[in-house]
Structure formats: structure tokens, C-alpha cells
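Participant: One structure is given below, represented as C-alpha cells, and several questions about it will come after.
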Amino acid sequence: MKVSLICPIYNEEESVESLIESMISQTKKPDEIIFVDSFSKDKTAEIIKKYIRKYPFIKLIQRKSNIAEARNIAVEAAKNEVIACTDASSKLDKNWLKEITLPFKDKNISVVSGGYIAVSEGGLEHYISMLTVKPMEEWNEETFLPSGRSIAFKRGAWKKVGGYPENLYTGEDTLFDLKLKEQGYKFKLARKAIVYWRGRKTISKFVKQFYLYGKGDGESGNLKRMKSNLLFFIGINLYIFIFIISLFVLPIVSFILFLILAIYFFISGIKFAINKKRLECLVLIPVLLFLKRFSYIFGVWRGLLRWK
């Protein structure tokens, strides 16, 4: 089975070398690797060109593009029917390509969801990583939507849904997945196809990440298609509305609502403290979880207000 491995990239001089090394060290070799670079301002392109001289199956396309446009450009340039996709700032497990393409032996499979793990160098980044990616053992194959950093699909399916939605800055991979599901394409979860991915290093970047996830879901209409996220959004907004009204009408109700929310976040901290055997989770996890939930909510509102 011939496979084209694609990757959008921009200003990744610090990580692109380790990414390429993980690509060329795969137990199943990609037949071609296509990078689409939106004219990086650092040495990203120079590093890729250095590898191209040694490995001619690596290709570089430089074109001004957002991440969705870059993926579509790469797929259009690819020679093969099976497309494997990852993102920059990632490192592939040596068996990633082998594992993510294995399910295609079943001709009914059109999309394979790969696994991914957020890694860190310790400190605050470690706790941010805990909340950025849910442990893979908790992923439900029926409802899981693959990330653009670890997915493989058939070109025909990509073409049928019109490729990645190029009007979106974020949430584009989620909408792509949802359209594929709506068209009836069969997905398979390959838990052993692992991408190691660096999470955000600071609280501000963590907050911005989930704000943009929410904004993307609001702009794209993804929220209407994702029942659990929609119920969460409605529930939180109802909570906020009742809380604010109660402050003026019946303060005791606001106090009770505050306690319920505090207990919810504190219990989450206890669970992480037990599972990870780290006492500091009791404080850090509730704070980070609060920021994650509410930055997503604010992002959704921003996206909805701009979505036509």
C-alpha cells in the first residue's frame, strides 16, 4: 500500500528536524512526504531543503496558506490514494505509519483515527498536558473525532466532502471529520498509531488554545453536530444565567451554585491526584480545568456571534 504523508508547517525551526527524523525512521516508509510551508520567517524551509537533498521523496511546497488550505494543497499534490496527515511540533512513534494504515486492509474503512499523547518537559507544562489530551484508554471509537495531527484517509473521501474547510482558522479538522461521518464513511481507531505532541507551555497559551477551539466550533457550526459539547454549552450558560439572576433575587441560591461548581472542580483535582499520585493536582487541576471550560465557552460565543 503506497502512502503519502502530508504536513502543514510554519515557523518550526526548533522542532522540524526531530519531526522529519521520526518520519524517515518509520518501520513502514512513506512513499512521499509533502510539507506545505506558508513562507516561514525562520529557518524551517532551509532545514527541509537540507533533507530533500538527501531524501528526494521529501517535497516542499511554499504557498501562502492557513492550515486547512495547506492540507488541501498537499493532498492535491500527493500521488497516492491513501493520505496520512500530521502536524508540526509533533514527533511520530516509529510504528505510527504502519499502525495508522493497517486498518485500510479492510476496504470498507475510509478514515483511520490515530492516537496522540501530549508530552512536556515538566513543571506547569506537565499539568497543562494532563488536561489538554484525554487518556487514550478513555477514547470511544464510536464518537472520537481524529485530530489533524494523527489521521489517515482515502483521497476519494477527502474529495467527496470538499477537503478541509478553508474558511476556518481553527476547528477545521473537526468539521472535516464530521462531514466524513455525515457522508457515511467508516472510521477506525488505531490506538497504537501514536504521535507525541507538545502541549502549551504557559497558562495564557493554554487559555488561548481552548478559546480558539471554542471559537472554531462556534464559527463552523460544529457545536450543532456534537451533542455532548452542545449540551455542555447550554448547561454552562444556563448555570451562569441562574447564578447572575440569583445574586440579585435570592443570593443563597448563588452561593449553593458556587459550592456545587467548586465541589465539581475539587473532585476533579482529587481524581487526578489519586491517578497521577501528585498532591499538587488538588490545586492546579481545578484552576486549569476552570480556565479550560470557561475559555472554551467564551470562544464559542465569539464564534457564534460572527458565524453567519
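Ligands are numbered from 1 in the order shown, residues from 1 within each chain, and chains are lettered A, B, ... in the order they appear in the C-alpha cells.
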Give me the residues within 8 Å of A:Trp96 as a list in words, counting only C-alpha atoms and dropping any in the same chain fewer than 4 places off.

Facilitator: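 Selected residues are Gln26, Leu92, Ile100, Gly114, Lys192, Ala193, Ile194 and Val195 of chain A.
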
Participant: Please extract the residues of stretch 66-291 of chain A with a backbone DSSP assignment of helix (DSSP H, G or I) and present them as number ranges by chain.

Facilitator: A: 67-77, 96-105, 124-132, 136-138, 155-160, 172-182, 203-220, 222-225, 227-249, 251-276, 281-291

Participant: Keeping only C-alpha atoms, write the selected residues as a compact mmCIF listing (two decimals), in the first residue's frame.

Facilitator:
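Result file follows (result.txt):
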```txt
# COMPACT_ATOMS: atom_id res chain seq x y z
CA ILE A 67 -3.60 25.14 7.98
CA ALA A 68 -6.69 23.88 6.13
CA GLU A 69 -5.51 25.30 2.81
CA ALA A 70 -2.07 23.79 3.37
CA ARG A 71 -3.52 20.32 3.93
CA ASN A 72 -5.65 20.60 0.79
CA ILE A 73 -2.67 21.79 -1.25
CA ALA A 74 -0.68 18.79 -0.04
CA VAL A 75 -3.45 16.30 -0.83
CA GLU A 76 -3.86 17.75 -4.32
CA ALA A 77 -0.12 17.32 -4.91
CA TRP A 96 2.87 5.27 13.56
CA LEU A 97 2.54 4.96 9.77
CA LYS A 98 2.40 1.17 9.93
CA GLU A 99 -0.36 1.22 12.55
CA ILE A 100 -2.42 4.04 11.06
CA THR A 101 -2.53 2.41 7.61
CA LEU A 102 -3.08 -1.18 8.79
CA PRO A 103 -6.90 -0.81 9.06
CA PHE A 104 -7.11 0.02 5.34
CA LYS A 105 -6.69 -3.70 4.65
CA LEU A 124 3.38 23.67 34.80
CA GLU A 125 3.50 22.33 31.24
CA HIS A 126 3.08 18.81 32.64
CA TYR A 127 -0.26 19.68 34.29
CA ILE A 128 -1.44 21.59 31.23
CA SER A 129 -0.72 18.47 29.15
CA MET A 130 -2.86 16.38 31.51
CA LEU A 131 -5.91 18.48 30.67
CA THR A 132 -5.16 19.07 27.01
CA MET A 136 -6.42 7.20 25.05
CA GLU A 137 -7.98 4.43 27.14
CA GLU A 138 -10.95 6.77 27.63
CA ARG A 155 -8.33 10.72 -1.19
CA GLY A 156 -11.78 9.86 -2.55
CA ALA A 157 -13.38 10.57 0.83
CA TRP A 158 -11.46 13.85 1.15
CA LYS A 159 -12.67 14.90 -2.30
CA LYS A 160 -16.28 13.91 -1.63
CA GLU A 172 -11.21 22.81 10.58
CA ASP A 173 -10.20 19.22 11.31
CA THR A 174 -13.29 18.67 13.47
CA LEU A 175 -15.63 19.90 10.72
CA PHE A 176 -13.76 17.73 8.20
CA ASP A 177 -14.33 14.68 10.44
CA LEU A 178 -18.00 15.49 10.97
CA LYS A 179 -18.64 15.85 7.24
CA LEU A 180 -16.97 12.50 6.61
CA LYS A 181 -19.21 10.89 9.22
CA GLU A 182 -22.29 12.55 7.75
CA ILE A 203 -1.41 29.34 31.15
CA SER A 204 -2.04 32.17 28.69
CA LYS A 205 -1.31 29.91 25.70
CA PHE A 206 -3.43 27.14 27.24
CA VAL A 207 -6.37 29.54 27.66
CA LYS A 208 -5.94 30.84 24.11
CA GLN A 209 -5.84 27.27 22.75
CA PHE A 210 -9.24 26.35 24.18
CA TYR A 211 -10.69 29.76 23.39
CA LEU A 212 -9.76 29.17 19.74
CA TYR A 213 -11.19 25.62 19.87
CA GLY A 214 -14.47 27.11 21.06
CA LYS A 215 -14.35 29.90 18.50
CA GLY A 216 -13.79 27.36 15.74
CA ASP A 217 -16.71 25.21 16.92
CA GLY A 218 -18.93 28.28 17.04
CA GLU A 219 -17.94 29.65 13.63
CA SER A 220 -18.12 26.33 11.81
CA ASN A 222 -19.51 22.09 14.73
CA LEU A 223 -21.35 22.63 18.01
CA LYS A 224 -24.68 21.73 16.42
CA ARG A 225 -23.22 18.44 15.27
CA LYS A 227 -24.29 16.58 21.05
CA SER A 228 -22.10 16.36 24.18
CA ASN A 229 -20.43 19.73 23.51
CA LEU A 230 -23.78 21.34 22.72
CA LEU A 231 -25.32 20.07 25.97
CA PHE A 232 -22.28 21.29 27.90
CA PHE A 233 -22.53 24.72 26.28
CA ILE A 234 -26.25 25.01 27.04
CA GLY A 235 -25.78 23.74 30.60
CA ILE A 236 -22.97 26.16 31.46
CA ASN A 237 -24.81 29.15 30.02
CA LEU A 238 -27.94 28.19 31.94
CA TYR A 239 -25.83 27.92 35.09
CA ILE A 240 -24.30 31.37 34.54
CA PHE A 241 -27.71 32.91 33.86
CA ILE A 242 -29.29 31.45 37.03
CA PHE A 243 -26.21 32.38 39.07
CA ILE A 244 -26.33 36.03 38.00
CA ILE A 245 -30.10 36.37 38.47
CA SER A 246 -29.89 34.74 41.89
CA LEU A 247 -27.27 37.25 43.03
CA PHE A 248 -29.96 39.94 42.90
CA VAL A 249 -33.06 37.90 43.74
CA PRO A 251 -28.27 35.18 46.99
CA ILE A 252 -28.40 31.86 48.83
CA VAL A 253 -29.08 30.11 45.52
CA SER A 254 -25.98 31.73 44.00
CA PHE A 255 -23.97 30.56 47.00
CA ILE A 256 -25.21 26.98 46.56
CA LEU A 257 -24.46 27.08 42.84
CA PHE A 258 -20.95 28.36 43.60
CA LEU A 259 -20.41 25.49 46.06
CA ILE A 260 -21.60 22.93 43.51
CA LEU A 261 -19.16 24.26 40.92
CA ALA A 262 -16.32 24.40 43.44
CA ILE A 263 -17.00 20.80 44.55
CA TYR A 264 -17.04 19.65 40.90
CA PHE A 265 -13.61 21.16 40.22
CA PHE A 266 -12.21 19.97 43.56
CA ILE A 267 -13.35 16.39 42.90
CA SER A 268 -11.59 16.55 39.52
CA GLY A 269 -8.43 17.58 41.37
CA ILE A 270 -8.81 14.65 43.77
CA LYS A 271 -9.21 12.19 40.86
CA PHE A 272 -6.06 13.47 39.17
CA ALA A 273 -4.15 13.50 42.46
CA ILE A 274 -5.04 9.82 43.01
CA ASN A 275 -4.44 8.70 39.41
CA LYS A 276 -1.19 10.62 38.94
CA CYS A 281 -3.07 18.27 41.41
CA LEU A 282 -5.52 19.20 44.18
CA VAL A 283 -4.83 22.87 43.48
CA LEU A 284 -3.54 23.08 39.91
CA ILE A 285 -6.08 20.84 38.18
CA PRO A 286 -9.20 22.68 39.46
CA VAL A 287 -7.73 26.04 38.40
CA LEU A 288 -6.65 24.80 34.96
CA LEU A 289 -9.93 22.94 34.40
CA PHE A 290 -11.90 26.08 35.24
CA LEU A 291 -9.83 28.11 32.75
```

Participant: Select, from A:Trp139, A:Lys201, A:Asn66, A:Asp31, the residue with the minimum atom-to-atom distance to A:Tyr164, counting only C-alpha atoms.

Facilitator: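 Ranked by minimum distance to A:Tyr164, first place goes to A:Asn66.
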
Participant: Between atom CA of A:Pro135 and atom CA of A:Ile151, what is the distance in Å, rounded to a tenth?

Facilitator: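 For atom CA of A:Pro135 relative to atom CA of A:Ile151, the distance reads 17.2 Å.
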
Participant: Looking only at strand (DSSP E or B) from DSSP on the backbone, list the matching residues of stretch 78-288 of chain A as a PyMOL selection string.

Facilitator: chain A and resi 82-85+90-92+109-119+151-154+186-198
